Amino acid sequence: RVHEERGGRRRGWGTQGAVAMAQSIEDWYKEMPVVTRTYLTLAFLTTVLCSLDVISPFTVYFNLKLITQKFQLWRLVSNFFFFGNLGLDFLFHMFFLSRYCRLLEEGSFRSRTADFVYMLLFGGTLLLVCASFAQIQFLGQSLTFMMVYVWARRNQHLNMSFLGLFNFTAPYLPWVLAIFSVVLGSSPVVDVVGMIAGHLYYFLEDIYPAMRGRRLLKTPGLLKVLFDQHQARID
């Protein structure tokens, strides 16, 4: 009888722990800002559905010929949501996508959702152009590295540590992650293309206006109507 009571307590504690963990994950997800939550959800679902053979990666990858000749226009967007096979590399990119997309959206783009969406559209367009020449089929990883690069450049004096092994300042973060990504088996070209897009956006948005006194990147009014007014109503 004593053993039965102890067993029941263990099962009770295990159930409570599982419920608490599920609640914490739900809270973490709900606390994400809207753009980060939407992108992470689409990326997770697309990758999982492809891994389960519900949909095929061949229907979502970037192919300029199929887009221009077969009018499969969804490929302009869908290729940003597939992150490869489920595994350590997938978890690695999901973590950094959720972290640095959120840090940007809640940091330098706080209350500027339209500007953040415009940054993603600008970067995505650059990456699609690069993919046409570099034969890159999936650009989600590149877009993640673009966001990491922009965040790192805007937090230049922040000290960081990689797995407790060595310390560095934030601008070196994209290079550290790129090396780690290569160790996990990814192509460095995908990461470098993302950093190039991030550098171009950072130069046009942060450096050039300080040099010339005018901005070249201006968020379209339509995006401001769609996102900033919605944000104002929420606030």
# chains A, B, ... in the order shown; residues from 1 in each chain; ligands from 1
>>> select_by_dssp(residues="region 137-217 of chain A", states="alpha helix (DSSP H)", output="PyMOL selection string")
chain A and resi 140-153+173-183+188-202+208-212
>>> select_by_dssp(residues="region 101-167 of chain A", states="strand (DSSP E or B)", output="NGL selection string")
:A and (159-162 or 166-167)
>>> closest_residue(among="A:Leu158, A:Leu226, A:Ile136, A:Ala210", to="Val190 (chain A)", atoms="only C-alpha atoms")
A:Ile136
>>> residues_around(residues="Phe168 (chain A)", least_positions_apart="5", cutoff="10 Å", atoms="only C-alpha atoms", output="list in words")
His157, Leu158, Asn159, Met160, Ser161, Phe162, Leu173 and Val176 of chain A
>>> residues_around(residues="Thr36 (chain A)", least_positions_apart="2", cutoff="10 Å", atoms="only C-alpha atoms", output="list of chain:residue names")
A:Tyr29, A:Met32, A:Pro33, A:Val34, A:Thr38, A:Tyr39, A:Leu40, A:Thr41, A:Leu97, A:Ser98, A:Arg99, A:Tyr100, A:Cys101, A:Arg102, A:Leu103, A:Leu104, A:Glu105, A:Glu106
>>> closest_residue(among="A:Asn85, A:Ser108, A:Gln137, A:Thr113", to="Phe227 (chain A)", atoms="only C-alpha atoms")
A:Thr113
>>> atom_distance(atom1="CA of Gly84 (chain A)", atom2="CA of Thr47 (chain A)")
6.6 Å
>>> atom_distance(atom1="CA of Trp28 (chain A)", atom2="CA of Ala178 (chain A)")
26.6 Å
>>> atom_distance(atom1="CA of Leu200 (chain A)", atom2="CA of Phe92 (chain A)")
25.0 Å
>>> closest_residue(among="A:Tyr61, A:Phe203, A:Phe96, A:Tyr149", to="Trp175 (chain A)", atoms="only C-alpha atoms")
A:Tyr149
>>> closest_residue(among="A:Val150, A:Leu143, A:Val225, A:Ala43", to="Leu91 (chain A)", atoms="only C-alpha atoms")
A:Ala43
>>> residues_around(residues="Glu205 (chain A)", least_positions_apart="5", cutoff="10 Å", atoms="only C-alpha atoms", output="ChimeraX atom specification")
/A:119,199-200,210,214-218
>>> decode(residues="region 111-126 of chain A", atoms="all heavy atoms", output="short mmCIF file (atom, residue, chain, number, x, y, z; two decimals), in the first residue's frame")
data_model
loop_
_atom_site.label_atom_id
_atom_site.label_comp_id
_atom_site.auth_asym_id
_atom_site.auth_seq_id
_atom_site.Cartn_x
_atom_site.Cartn_y
_atom_site.Cartn_z
N SER A 111 7.22 48.85 -31.60
CA SER A 111 6.13 49.74 -32.04
C SER A 111 6.33 50.21 -33.48
O SER A 111 5.75 51.21 -33.90
CB SER A 111 6.01 50.97 -31.11
OG SER A 111 5.72 50.56 -29.79
N ARG A 112 7.15 49.49 -34.25
CA ARG A 112 7.40 49.82 -35.66
C ARG A 112 7.28 48.53 -36.48
O ARG A 112 8.18 48.15 -37.22
CB ARG A 112 8.78 50.44 -35.85
CG ARG A 112 8.98 51.77 -35.13
CD ARG A 112 10.44 52.19 -35.14
NE ARG A 112 11.00 52.14 -36.49
CZ ARG A 112 12.23 51.71 -36.75
NH1 ARG A 112 13.01 51.23 -35.79
NH2 ARG A 112 12.67 51.72 -38.00
N THR A 113 6.14 47.87 -36.35
CA THR A 113 5.94 46.59 -37.02
C THR A 113 6.06 46.72 -38.53
O THR A 113 6.63 45.85 -39.20
CB THR A 113 4.56 46.01 -36.66
OG1 THR A 113 4.45 45.89 -35.24
CG2 THR A 113 4.36 44.64 -37.30
N ALA A 114 5.53 47.81 -39.10
CA ALA A 114 5.60 48.01 -40.55
C ALA A 114 7.05 48.10 -41.02
O ALA A 114 7.42 47.54 -42.06
CB ALA A 114 4.83 49.27 -40.94
N ASP A 115 7.89 48.80 -40.27
CA ASP A 115 9.31 48.91 -40.64
C ASP A 115 10.00 47.54 -40.56
O ASP A 115 10.87 47.23 -41.38
CB ASP A 115 10.02 49.90 -39.71
CG ASP A 115 9.53 51.33 -39.90
OD1 ASP A 115 9.01 51.63 -41.00
OD2 ASP A 115 9.68 52.13 -38.98
N PHE A 116 9.61 46.75 -39.57
CA PHE A 116 10.20 45.41 -39.44
C PHE A 116 9.79 44.52 -40.60
O PHE A 116 10.62 43.79 -41.18
CB PHE A 116 9.77 44.80 -38.11
CG PHE A 116 10.43 43.49 -37.81
CD1 PHE A 116 11.79 43.35 -37.86
CD2 PHE A 116 9.67 42.37 -37.45
CE1 PHE A 116 12.41 42.13 -37.58
CE2 PHE A 116 10.27 41.17 -37.17
CZ PHE A 116 11.64 41.05 -37.23
N VAL A 117 8.51 44.55 -40.97
CA VAL A 117 8.04 43.77 -42.12
C VAL A 117 8.74 44.24 -43.39
O VAL A 117 9.13 43.41 -44.23
CB VAL A 117 6.51 43.90 -42.26
CG1 VAL A 117 6.03 43.26 -43.56
CG2 VAL A 117 5.80 43.27 -41.07
N TYR A 118 8.95 45.54 -43.52
CA TYR A 118 9.63 46.07 -44.70
C TYR A 118 11.09 45.59 -44.74
O TYR A 118 11.61 45.27 -45.81
CB TYR A 118 9.59 47.59 -44.69
CG TYR A 118 10.18 48.22 -45.93
CD1 TYR A 118 9.69 47.90 -47.19
CD2 TYR A 118 11.24 49.12 -45.83
CE1 TYR A 118 10.24 48.47 -48.34
CE2 TYR A 118 11.79 49.69 -46.97
CZ TYR A 118 11.29 49.37 -48.22
OH TYR A 118 11.83 49.93 -49.35
N MET A 119 11.74 45.51 -43.59
CA MET A 119 13.10 44.97 -43.55
C MET A 119 13.12 43.53 -44.05
O MET A 119 14.00 43.14 -44.84
CB MET A 119 13.65 45.03 -42.13
CG MET A 119 15.11 44.58 -42.03
SD MET A 119 15.64 44.01 -40.40
CE MET A 119 14.91 42.36 -40.36
N LEU A 120 12.15 42.72 -43.62
CA LEU A 120 12.08 41.33 -44.06
C LEU A 120 11.80 41.24 -45.55
O LEU A 120 12.38 40.40 -46.26
CB LEU A 120 11.02 40.58 -43.27
CG LEU A 120 11.26 40.43 -41.77
CD1 LEU A 120 10.10 39.71 -41.10
CD2 LEU A 120 12.57 39.70 -41.50
N LEU A 121 10.92 42.10 -46.06
CA LEU A 121 10.61 42.11 -47.50
C LEU A 121 11.83 42.56 -48.31
O LEU A 121 12.15 41.97 -49.35
CB LEU A 121 9.43 43.04 -47.78
CG LEU A 121 8.07 42.57 -47.24
CD1 LEU A 121 7.02 43.65 -47.49
CD2 LEU A 121 7.64 41.27 -47.90
N PHE A 122 12.52 43.57 -47.83
CA PHE A 122 13.73 44.05 -48.50
C PHE A 122 14.79 42.95 -48.53
O PHE A 122 15.38 42.65 -49.57
CB PHE A 122 14.26 45.29 -47.79
CG PHE A 122 15.57 45.80 -48.32
CD1 PHE A 122 15.60 46.60 -49.45
CD2 PHE A 122 16.76 45.48 -47.69
CE1 PHE A 122 16.82 47.07 -49.96
CE2 PHE A 122 17.97 45.94 -48.19
CZ PHE A 122 18.00 46.73 -49.32
N GLY A 123 15.03 42.34 -47.36
CA GLY A 123 16.02 41.27 -47.29
C GLY A 123 15.62 40.06 -48.10
O GLY A 123 16.46 39.47 -48.78
N GLY A 124 14.33 39.70 -48.04
CA GLY A 124 13.87 38.56 -48.82
C GLY A 124 14.04 38.76 -50.31
O GLY A 124 14.43 37.84 -51.04
N THR A 125 13.80 39.99 -50.78
CA THR A 125 13.97 40.29 -52.21
C THR A 125 15.43 40.17 -52.62
O THR A 125 15.76 39.59 -53.66
CB THR A 125 13.45 41.71 -52.51
OG1 THR A 125 12.07 41.80 -52.15
CG2 THR A 125 13.60 42.03 -53.99
N LEU A 126 16.32 40.71 -51.79
CA LEU A 126 17.76 40.58 -52.07
C LEU A 126 18.19 39.12 -52.12
O LEU A 126 18.96 38.72 -53.01
CB LEU A 126 18.57 41.31 -51.00
CG LEU A 126 18.60 42.84 -51.04
CD1 LEU A 126 19.40 43.37 -49.85
CD2 LEU A 126 19.23 43.32 -52.35
#
